[in-house]
>>> print(open('final.cif').read())   # mmCIF, C-alpha atoms
data_input
#
loop_
_atom_site.group_PDB
_atom_site.id
_atom_site.type_symbol
_atom_site.label_atom_id
_atom_site.label_comp_id
_atom_site.auth_asym_id
_atom_site.auth_seq_id
_atom_site.Cartn_x
_atom_site.Cartn_y
_atom_site.Cartn_z
ATOM 1 C CA ASP A 1 -27.045 98.047 -11.776
ATOM 2 C CA ALA A 2 -24.859 101.055 -12.542
ATOM 3 C CA GLY A 3 -26.627 101.732 -15.804
ATOM 4 C CA VAL A 4 -24.954 102.299 -19.148
ATOM 5 C CA ILE A 5 -21.408 103.483 -18.549
ATOM 6 C CA GLN A 6 -19.569 105.644 -21.047
ATOM 7 C CA SER A 7 -16.008 106.843 -20.986
ATOM 8 C CA PRO A 8 -14.507 109.319 -21.123
ATOM 9 C CA ARG A 9 -17.091 111.952 -20.130
ATOM 10 C CA HIS A 10 -15.160 114.639 -21.953
ATOM 11 C CA GLU A 11 -12.562 114.403 -24.699
ATOM 12 C CA VAL A 12 -10.655 117.226 -26.312
ATOM 13 C CA THR A 13 -8.403 116.299 -29.190
ATOM 14 C CA GLU A 14 -6.633 117.893 -32.107
ATOM 15 C CA MET A 15 -7.794 117.500 -35.646
ATOM 16 C CA GLY A 16 -6.303 114.421 -37.268
ATOM 17 C CA GLN A 17 -5.973 112.443 -34.060
ATOM 18 C CA GLU A 18 -7.683 109.136 -33.382
ATOM 19 C CA VAL A 19 -10.479 109.156 -30.828
ATOM 20 C CA THR A 20 -11.979 106.111 -29.130
ATOM 21 C CA LEU A 21 -15.207 106.266 -27.156
ATOM 22 C CA ARG A 22 -16.203 103.403 -24.911
ATOM 23 C CA CYS A 23 -19.465 101.961 -23.682
ATOM 24 C CA LYS A 24 -20.477 99.281 -21.211
ATOM 25 C CA PRO A 25 -24.152 98.356 -21.610
ATOM 26 C CA ILE A 26 -26.445 97.134 -18.880
ATOM 27 C CA SER A 27 -25.799 93.513 -18.060
ATOM 28 C CA GLY A 28 -28.306 91.285 -19.828
ATOM 29 C CA HIS A 29 -29.176 93.834 -22.501
ATOM 30 C CA ASN A 30 -28.487 92.413 -25.937
ATOM 31 C CA SER A 31 -28.926 95.504 -28.097
ATOM 32 C CA LEU A 32 -26.619 98.497 -28.163
ATOM 33 C CA PHE A 33 -26.976 101.801 -29.941
ATOM 34 C CA TRP A 34 -24.596 104.678 -30.660
ATOM 35 C CA TYR A 35 -26.139 108.137 -31.110
ATOM 36 C CA ARG A 36 -24.659 111.532 -31.849
ATOM 37 C CA GLN A 37 -26.281 114.755 -30.644
ATOM 38 C CA THR A 38 -25.617 118.215 -32.024
ATOM 39 C CA MET A 39 -27.554 121.444 -31.930
ATOM 40 C CA MET A 40 -27.909 121.483 -35.695
ATOM 41 C CA ARG A 41 -28.899 117.870 -36.345
ATOM 42 C CA GLY A 42 -30.413 116.759 -33.053
ATOM 43 C CA LEU A 43 -30.152 113.100 -32.079
ATOM 44 C CA GLU A 44 -28.813 110.848 -34.840
ATOM 45 C CA LEU A 45 -28.540 107.074 -34.744
ATOM 46 C CA LEU A 46 -25.084 106.063 -35.949
ATOM 47 C CA ILE A 47 -25.117 102.288 -35.581
ATOM 48 C CA TYR A 48 -26.747 99.551 -33.572
ATOM 49 C CA PHE A 49 -25.782 96.031 -32.574
ATOM 50 C CA ASN A 50 -27.909 93.047 -31.699
ATOM 51 C CA ASN A 51 -26.184 90.186 -29.881
ATOM 52 C CA ASN A 52 -22.827 91.839 -30.641
ATOM 53 C CA VAL A 53 -23.478 91.885 -34.382
ATOM 54 C CA PRO A 54 -23.760 95.207 -36.243
ATOM 55 C CA ILE A 55 -27.237 95.355 -37.741
ATOM 56 C CA ASP A 56 -27.470 98.793 -39.285
ATOM 57 C CA ASP A 57 -24.586 101.198 -39.733
ATOM 58 C CA SER A 58 -26.280 103.411 -42.305
ATOM 59 C CA GLY A 59 -26.057 106.339 -39.931
ATOM 60 C CA MET A 60 -22.274 106.263 -39.701
ATOM 61 C CA PRO A 61 -21.258 109.496 -41.408
ATOM 62 C CA GLU A 62 -18.241 108.229 -43.298
ATOM 63 C CA ASP A 63 -15.393 105.773 -43.325
ATOM 64 C CA ARG A 64 -13.586 107.687 -40.632
ATOM 65 C CA PHE A 65 -16.096 106.253 -38.168
ATOM 66 C CA SER A 66 -16.025 102.640 -37.040
ATOM 67 C CA ALA A 67 -17.686 100.731 -34.214
ATOM 68 C CA LYS A 68 -17.057 97.359 -32.662
ATOM 69 C CA MET A 69 -18.680 95.182 -30.068
ATOM 70 C CA PRO A 70 -16.243 92.375 -29.244
ATOM 71 C CA ASN A 71 -18.436 91.005 -26.460
ATOM 72 C CA ALA A 72 -21.745 91.588 -24.742
ATOM 73 C CA SER A 73 -20.302 93.980 -22.172
ATOM 74 C CA PHE A 74 -18.227 96.363 -24.245
ATOM 75 C CA SER A 75 -18.407 98.511 -27.360
ATOM 76 C CA THR A 76 -16.201 101.154 -28.919
ATOM 77 C CA LEU A 77 -16.783 103.956 -31.379
ATOM 78 C CA LYS A 78 -13.640 105.113 -33.122
ATOM 79 C CA ILE A 79 -13.026 108.197 -35.231
ATOM 80 C CA GLN A 80 -9.851 108.250 -37.275
ATOM 81 C CA PRO A 81 -8.844 110.881 -38.261
ATOM 82 C CA SER A 82 -11.003 113.242 -36.262
ATOM 83 C CA GLU A 83 -12.247 116.559 -37.674
ATOM 84 C CA PRO A 84 -13.734 119.652 -36.003
ATOM 85 C CA ARG A 85 -17.170 118.826 -37.441
ATOM 86 C CA ASP A 86 -17.142 115.630 -35.376
ATOM 87 C CA SER A 87 -17.521 117.726 -32.242
ATOM 88 C CA ALA A 88 -20.720 116.555 -30.555
ATOM 89 C CA VAL A 89 -22.054 114.579 -27.638
ATOM 90 C CA TYR A 90 -21.987 110.857 -28.325
ATOM 91 C CA PHE A 91 -24.461 108.663 -26.468
ATOM 92 C CA CYS A 92 -24.545 104.946 -26.033
ATOM 93 C CA ALA A 93 -27.840 103.213 -25.197
ATOM 94 C CA SER A 94 -28.771 99.614 -24.529
ATOM 95 C CA SER A 95 -31.974 97.622 -24.412
ATOM 96 C CA LEU A 96 -33.425 94.168 -24.402
ATOM 97 C CA SER A 97 -34.310 92.910 -27.831
ATOM 98 C CA THR A 98 -37.894 93.311 -26.689
ATOM 99 C CA GLY A 99 -37.044 96.972 -26.322
ATOM 100 C CA LYS A 100 -40.298 98.032 -27.827
ATOM 101 C CA TYR A 101 -41.821 97.424 -24.394
ATOM 102 C CA TYR A 102 -39.015 98.794 -22.297
ATOM 103 C CA GLY A 103 -37.328 101.422 -24.422
ATOM 104 C CA TYR A 104 -33.681 102.293 -24.190
ATOM 105 C CA THR A 105 -31.399 103.136 -21.306
ATOM 106 C CA PHE A 106 -28.929 105.869 -22.180
ATOM 107 C CA GLY A 107 -25.491 106.571 -20.826
ATOM 108 C CA SER A 108 -24.438 110.050 -19.731
ATOM 109 C CA GLY A 109 -22.618 110.656 -22.985
ATOM 110 C CA THR A 110 -19.140 111.656 -24.094
ATOM 111 C CA ARG A 111 -18.675 115.284 -25.074
ATOM 112 C CA LEU A 112 -16.122 115.344 -27.873
ATOM 113 C CA THR A 113 -14.388 118.533 -28.905
ATOM 114 C CA VAL A 114 -12.047 118.448 -31.891
ATOM 115 C CA VAL A 115 -9.912 121.548 -32.242
ATOM 116 C CA ALA B 116 -41.730 104.109 -42.447
ATOM 117 C CA GLN B 117 -42.028 105.673 -39.044
ATOM 118 C CA SER B 118 -41.549 109.327 -38.181
ATOM 119 C CA VAL B 119 -42.030 111.706 -35.299
ATOM 120 C CA ALA B 120 -42.667 115.439 -35.247
ATOM 121 C CA GLN B 121 -42.395 117.839 -32.366
ATOM 122 C CA PRO B 122 -43.751 121.051 -33.832
ATOM 123 C CA GLU B 123 -42.385 123.376 -31.150
ATOM 124 C CA ASP B 124 -38.662 123.934 -30.660
ATOM 125 C CA GLN B 125 -39.311 125.800 -27.434
ATOM 126 C CA VAL B 126 -42.132 125.952 -24.916
ATOM 127 C CA ASN B 127 -42.223 128.566 -22.178
ATOM 128 C CA VAL B 128 -44.581 128.303 -19.241
ATOM 129 C CA ALA B 129 -44.880 129.979 -15.868
ATOM 130 C CA GLU B 130 -44.332 127.924 -12.752
ATOM 131 C CA GLY B 131 -47.595 126.510 -11.459
ATOM 132 C CA ASN B 132 -49.301 126.638 -14.839
ATOM 133 C CA PRO B 133 -50.177 123.547 -16.856
ATOM 134 C CA LEU B 134 -47.757 122.539 -19.581
ATOM 135 C CA THR B 135 -48.124 120.670 -22.841
ATOM 136 C CA VAL B 136 -45.353 119.440 -25.123
ATOM 137 C CA LYS B 137 -46.693 118.252 -28.447
ATOM 138 C CA CYS B 138 -45.817 115.141 -30.421
ATOM 139 C CA THR B 139 -47.315 113.667 -33.576
ATOM 140 C CA TYR B 140 -46.237 110.481 -35.251
ATOM 141 C CA SER B 141 -46.598 108.444 -38.409
ATOM 142 C CA VAL B 142 -46.469 104.645 -38.516
ATOM 143 C CA SER B 143 -47.937 101.931 -40.682
ATOM 144 C CA GLY B 144 -48.611 99.479 -37.882
ATOM 145 C CA ASN B 145 -49.353 99.914 -34.215
ATOM 146 C CA PRO B 146 -47.246 102.554 -32.469
ATOM 147 C CA TYR B 147 -45.149 102.158 -29.366
ATOM 148 C CA LEU B 148 -44.692 105.677 -27.996
ATOM 149 C CA PHE B 149 -42.222 106.947 -25.442
ATOM 150 C CA TRP B 150 -41.255 110.251 -23.862
ATOM 151 C CA TYR B 151 -37.734 110.911 -22.652
ATOM 152 C CA VAL B 152 -36.303 113.906 -20.790
ATOM 153 C CA GLN B 153 -32.753 115.214 -20.992
ATOM 154 C CA TYR B 154 -31.372 117.471 -18.288
ATOM 155 C CA PRO B 155 -28.229 119.510 -18.988
ATOM 156 C CA ASN B 156 -25.097 117.410 -19.398
ATOM 157 C CA ARG B 157 -27.034 114.202 -18.916
ATOM 158 C CA GLY B 158 -28.282 111.336 -21.049
ATOM 159 C CA LEU B 159 -31.914 110.812 -21.952
ATOM 160 C CA GLN B 160 -34.103 109.446 -19.177
ATOM 161 C CA PHE B 161 -37.331 107.511 -19.616
ATOM 162 C CA LEU B 162 -40.493 109.371 -18.560
ATOM 163 C CA LEU B 163 -43.422 107.293 -19.736
ATOM 164 C CA LYS B 164 -44.681 105.061 -22.494
ATOM 165 C CA TYR B 165 -47.767 103.927 -24.330
ATOM 166 C CA ILE B 166 -47.856 100.340 -25.550
ATOM 167 C CA THR B 167 -51.530 99.434 -25.374
ATOM 168 C CA GLY B 168 -54.526 99.924 -23.106
ATOM 169 C CA ASP B 169 -55.652 103.189 -21.566
ATOM 170 C CA ASN B 170 -55.041 106.200 -23.725
ATOM 171 C CA LEU B 171 -53.940 108.280 -20.743
ATOM 172 C CA VAL B 172 -50.630 107.111 -19.337
ATOM 173 C CA LYS B 173 -48.958 108.402 -16.228
ATOM 174 C CA GLY B 174 -45.246 108.582 -15.726
ATOM 175 C CA SER B 175 -42.474 109.958 -13.593
ATOM 176 C CA TYR B 176 -42.441 113.366 -11.880
ATOM 177 C CA GLY B 177 -46.186 113.917 -12.329
ATOM 178 C CA PHE B 178 -46.119 113.827 -16.105
ATOM 179 C CA GLU B 179 -48.805 112.200 -18.180
ATOM 180 C CA ALA B 180 -49.480 111.766 -21.880
ATOM 181 C CA GLU B 181 -52.559 111.107 -23.914
ATOM 182 C CA PHE B 182 -52.518 108.779 -26.886
ATOM 183 C CA ASN B 183 -54.908 109.917 -29.594
ATOM 184 C CA LYS B 184 -55.038 107.469 -32.462
ATOM 185 C CA SER B 185 -57.280 109.537 -34.723
ATOM 186 C CA GLN B 186 -54.995 112.550 -34.445
ATOM 187 C CA THR B 187 -51.832 110.420 -34.328
ATOM 188 C CA SER B 188 -50.667 112.408 -31.335
ATOM 189 C CA PHE B 189 -49.044 111.690 -28.015
ATOM 190 C CA HIS B 190 -48.826 115.025 -26.195
ATOM 191 C CA LEU B 191 -46.987 115.262 -22.895
ATOM 192 C CA LYS B 192 -48.759 117.129 -20.112
ATOM 193 C CA LYS B 193 -48.376 118.179 -16.519
ATOM 194 C CA PRO B 194 -51.027 119.999 -14.489
ATOM 195 C CA SER B 195 -48.623 122.269 -12.620
ATOM 196 C CA ALA B 196 -45.137 123.002 -13.936
ATOM 197 C CA LEU B 197 -42.050 123.276 -11.752
ATOM 198 C CA VAL B 198 -38.882 125.213 -12.512
ATOM 199 C CA SER B 199 -37.049 121.901 -12.187
ATOM 200 C CA ASP B 200 -39.031 120.558 -15.172
ATOM 201 C CA SER B 201 -36.967 122.795 -17.451
ATOM 202 C CA ALA B 202 -35.194 120.406 -19.813
ATOM 203 C CA LEU B 203 -35.171 118.991 -23.326
ATOM 204 C CA TYR B 204 -37.997 116.555 -24.064
ATOM 205 C CA PHE B 205 -37.940 113.889 -26.771
ATOM 206 C CA CYS B 206 -40.820 111.914 -28.177
ATOM 207 C CA ALA B 207 -39.969 108.542 -29.727
ATOM 208 C CA VAL B 208 -42.001 106.031 -31.721
ATOM 209 C CA ARG B 209 -41.528 102.488 -32.859
ATOM 210 C CA ASP B 210 -43.707 100.825 -35.470
ATOM 211 C CA ASP B 211 -44.477 97.207 -34.673
ATOM 212 C CA ASN B 212 -44.323 96.485 -38.403
ATOM 213 C CA TYR B 213 -40.658 97.341 -38.495
ATOM 214 C CA GLY B 214 -37.514 96.404 -36.650
ATOM 215 C CA GLN B 215 -36.377 97.305 -33.242
ATOM 216 C CA ASN B 216 -35.396 100.892 -33.628
ATOM 217 C CA PHE B 217 -37.169 103.834 -32.188
ATOM 218 C CA VAL B 218 -37.269 107.068 -34.139
ATOM 219 C CA PHE B 219 -36.733 110.132 -31.998
ATOM 220 C CA GLY B 220 -38.243 113.534 -32.574
ATOM 221 C CA PRO B 221 -36.062 116.641 -32.740
ATOM 222 C CA GLY B 222 -36.749 117.574 -29.154
ATOM 223 C CA THR B 223 -38.613 120.433 -27.471
ATOM 224 C CA ARG B 224 -36.906 122.672 -24.983
ATOM 225 C CA LEU B 225 -39.170 123.431 -22.031
ATOM 226 C CA SER B 226 -38.457 126.480 -19.925
ATOM 227 C CA VAL B 227 -40.469 126.957 -16.763
ATOM 228 C CA LEU B 228 -40.204 130.503 -15.536
ATOM 229 C CA PRO B 229 -40.396 131.289 -11.818
#
>>> encode(input="final.cif", output="structure tokens")
Amino acid sequence: DAGVIQSPRHEVTEMGQEVTLRCKPISGHNSLFWYRQTMMRGLELLIYFNNNVPIDDSGMPEDRFSAKMPNASFSTLKIQPSEPRDSAVYFCASSLSTGKYYGYTFGSGTRLTVV
Amino acid sequence: AQSVAQPEDQVNVAEGNPLTVKCTYSVSGNPYLFWYVQYPNRGLQFLLKYITGDNLVKGSYGFEAEFNKSQTSFHLKKPSALVSDSALYFCAVRDDNYGQNFVFGPGTRLSVLP
């Protein structure tokens, strides 16, 4: 298995533009998580899905952020409009619903820079 | 609720010396404890876990961790540090009384000096 695949690896965009980050979880994993990592705030859980259904989006910073999981093999995180304070590394992770035994598998992340 | 603390932002150790990265946790039920490592420009990678059984668990790259229920700790250790161990280390806990999510600590940056 190729692991959790995120694209793009790097994204530079201008303030006000729409940004879409993509994630392909490990085949067979039924839970998917979006995290944001910054120096100031560390690793923050934004939202997670179980069986393609959003379970908890309380970590989504504001209405400019939205996430979808249209099927078991694909998820997107969208920021519209983007702001410089959104600059961070965004990680996607997946797990089995029995993840308490196996933990999460993380992607390599998308480094977003908003100028 | 569940929480994790990593009291040291940074740990420096000389190559060849033993290393310890500290982690304490708070849960209401039984804890599931994990350590992850993050190398520069990479995602988090699983190192080891404690679910049940022996308090001393062994993981990848020669790392081990000791679960101490009375002290609610799960410190990461290695007998002899390598320069290549320099990375960011995260402790994570899940409370079996709650849902699926792990809570991650803030991370500890380990620097192994040659």
>>> closest_residue(input="final.cif", among="B:Cys138, B:Val172, B:Ala207, B:Ala129", to="chain A", atoms="all atoms listed in the file")
B:Ala207
>>> interface_residues(input="final.cif", of="chain A", to="chain B", cutoff="10 Å", atoms="all atoms listed in the file", output="tab-separated table (two decimals) with C-alpha atoms, in the coordinates of the input")
chain	number	residue	atom	x	y	z
A	4	VAL	CA	-24.95	102.30	-19.15
A	9	ARG	CA	-17.09	111.95	-20.13
A	31	SER	CA	-28.93	95.50	-28.10
A	33	PHE	CA	-26.98	101.80	-29.94
A	39	MET	CA	-27.55	121.44	-31.93
A	40	MET	CA	-27.91	121.48	-35.70
A	41	ARG	CA	-28.90	117.87	-36.34
A	42	GLY	CA	-30.41	116.76	-33.05
A	43	LEU	CA	-30.15	113.10	-32.08
A	44	GLU	CA	-28.81	110.85	-34.84
A	45	LEU	CA	-28.54	107.07	-34.74
A	48	TYR	CA	-26.75	99.55	-33.57
A	50	ASN	CA	-27.91	93.05	-31.70
A	56	ASP	CA	-27.47	98.79	-39.28
A	89	VAL	CA	-22.05	114.58	-27.64
A	90	TYR	CA	-21.99	110.86	-28.32
A	91	PHE	CA	-24.46	108.66	-26.47
A	92	CYS	CA	-24.54	104.95	-26.03
A	93	ALA	CA	-27.84	103.21	-25.20
A	95	SER	CA	-31.97	97.62	-24.41
A	96	LEU	CA	-33.42	94.17	-24.40
A	97	SER	CA	-34.31	92.91	-27.83
A	98	THR	CA	-37.89	93.31	-26.69
A	99	GLY	CA	-37.04	96.97	-26.32
A	100	LYS	CA	-40.30	98.03	-27.83
A	101	TYR	CA	-41.82	97.42	-24.39
A	102	TYR	CA	-39.02	98.79	-22.30
A	103	GLY	CA	-37.33	101.42	-24.42
A	104	TYR	CA	-33.68	102.29	-24.19
A	105	THR	CA	-31.40	103.14	-21.31
A	106	PHE	CA	-28.93	105.87	-22.18
A	107	GLY	CA	-25.49	106.57	-20.83
A	108	SER	CA	-24.44	110.05	-19.73
A	109	GLY	CA	-22.62	110.66	-22.98
A	110	THR	CA	-19.14	111.66	-24.09
A	111	ARG	CA	-18.68	115.28	-25.07
>>> residues_near_point(input="final.cif", point="(-11.2, 105.0, -34.1)", cutoff="7 Å", atoms="only C-alpha atoms", output="MDAnalysis selection string")
chainID A and resid 18:20 65:66 77:80
>>> resolve_selection(input="final.cif", expression="the PyMOL selection byres ((chain B and resi 181) around 7)", output="mmCIF file with C-alpha atoms, in the frame of the given file")
data_model
loop_
_atom_site.group_PDB
_atom_site.id
_atom_site.type_symbol
_atom_site.label_atom_id
_atom_site.label_comp_id
_atom_site.auth_asym_id
_atom_site.auth_seq_id
_atom_site.Cartn_x
_atom_site.Cartn_y
_atom_site.Cartn_z
ATOM 1 C CA ASN B 170 -55.041 106.200 -23.725
ATOM 2 C CA LEU B 171 -53.940 108.280 -20.743
ATOM 3 C CA VAL B 172 -50.630 107.111 -19.337
ATOM 4 C CA GLU B 179 -48.805 112.200 -18.180
ATOM 5 C CA ALA B 180 -49.480 111.766 -21.880
ATOM 6 C CA PHE B 182 -52.518 108.779 -26.886
ATOM 7 C CA ASN B 183 -54.908 109.917 -29.594
ATOM 8 C CA PHE B 189 -49.044 111.690 -28.015
ATOM 9 C CA HIS B 190 -48.826 115.025 -26.195
#
>>> atom_distance(input="final.cif", atom1="CA of Pro54 in chain A", atom2="CA of Leu112 in chain A")
23.1 Å
>>> resolve_selection(input="final.cif", expression="the PyMOL selection byres ((chain B and resi 131) around 12)", output="NGL selection string")
:B and (128-130 or 132-134 or 193-200 or 227-229)
>>> write_last_selection(input="final.cif", atoms="C-alpha atoms", output="PDB file, in the coordinates of the input")
ATOM      1  CA  VAL B 128     -44.581 128.303 -19.241  1.00  0.00           C
ATOM      2  CA  ALA B 129     -44.880 129.979 -15.868  1.00  0.00           C
ATOM      3  CA  GLU B 130     -44.332 127.924 -12.752  1.00  0.00           C
ATOM      4  CA  ASN B 132     -49.301 126.638 -14.839  1.00  0.00           C
ATOM      5  CA  PRO B 133     -50.177 123.547 -16.856  1.00  0.00           C
ATOM      6  CA  LEU B 134     -47.757 122.539 -19.581  1.00  0.00           C
ATOM      7  CA  LYS B 193     -48.376 118.179 -16.519  1.00  0.00           C
ATOM      8  CA  PRO B 194     -51.027 119.999 -14.489  1.00  0.00           C
ATOM      9  CA  SER B 195     -48.623 122.269 -12.620  1.00  0.00           C
ATOM     10  CA  ALA B 196     -45.137 123.002 -13.936  1.00  0.00           C
ATOM     11  CA  LEU B 197     -42.050 123.276 -11.752  1.00  0.00           C
ATOM     12  CA  VAL B 198     -38.882 125.213 -12.512  1.00  0.00           C
ATOM     13  CA  SER B 199     -37.049 121.901 -12.187  1.00  0.00           C
ATOM     14  CA  ASP B 200     -39.031 120.558 -15.172  1.00  0.00           C
ATOM     15  CA  VAL B 227     -40.469 126.957 -16.763  1.00  0.00           C
ATOM     16  CA  LEU B 228     -40.204 130.503 -15.536  1.00  0.00           C
ATOM     17  CA  PRO B 229     -40.396 131.289 -11.818  1.00  0.00           C
TER      18      PRO B 229
END
>>> resolve_selection(input="final.cif", expression="the PyMOL selection byres ((chain B and resi 117-120) around 6)", output="list in words")
Ala116, Gln121, Pro122, Cys138, Thr139, Tyr140, Ser141, Val142 and Gly220 of chain B
>>> closest_residue(input="final.cif", among="A:Met15, A:Thr38, A:Phe49, A:Ser7", to="Val114 in chain A", atoms="only C-alpha atoms")
A:Met15
>>> atom_distance(input="final.cif", atom1="CA of Leu32 in chain A", atom2="CA of Ser94 in chain A")
4.4 Å
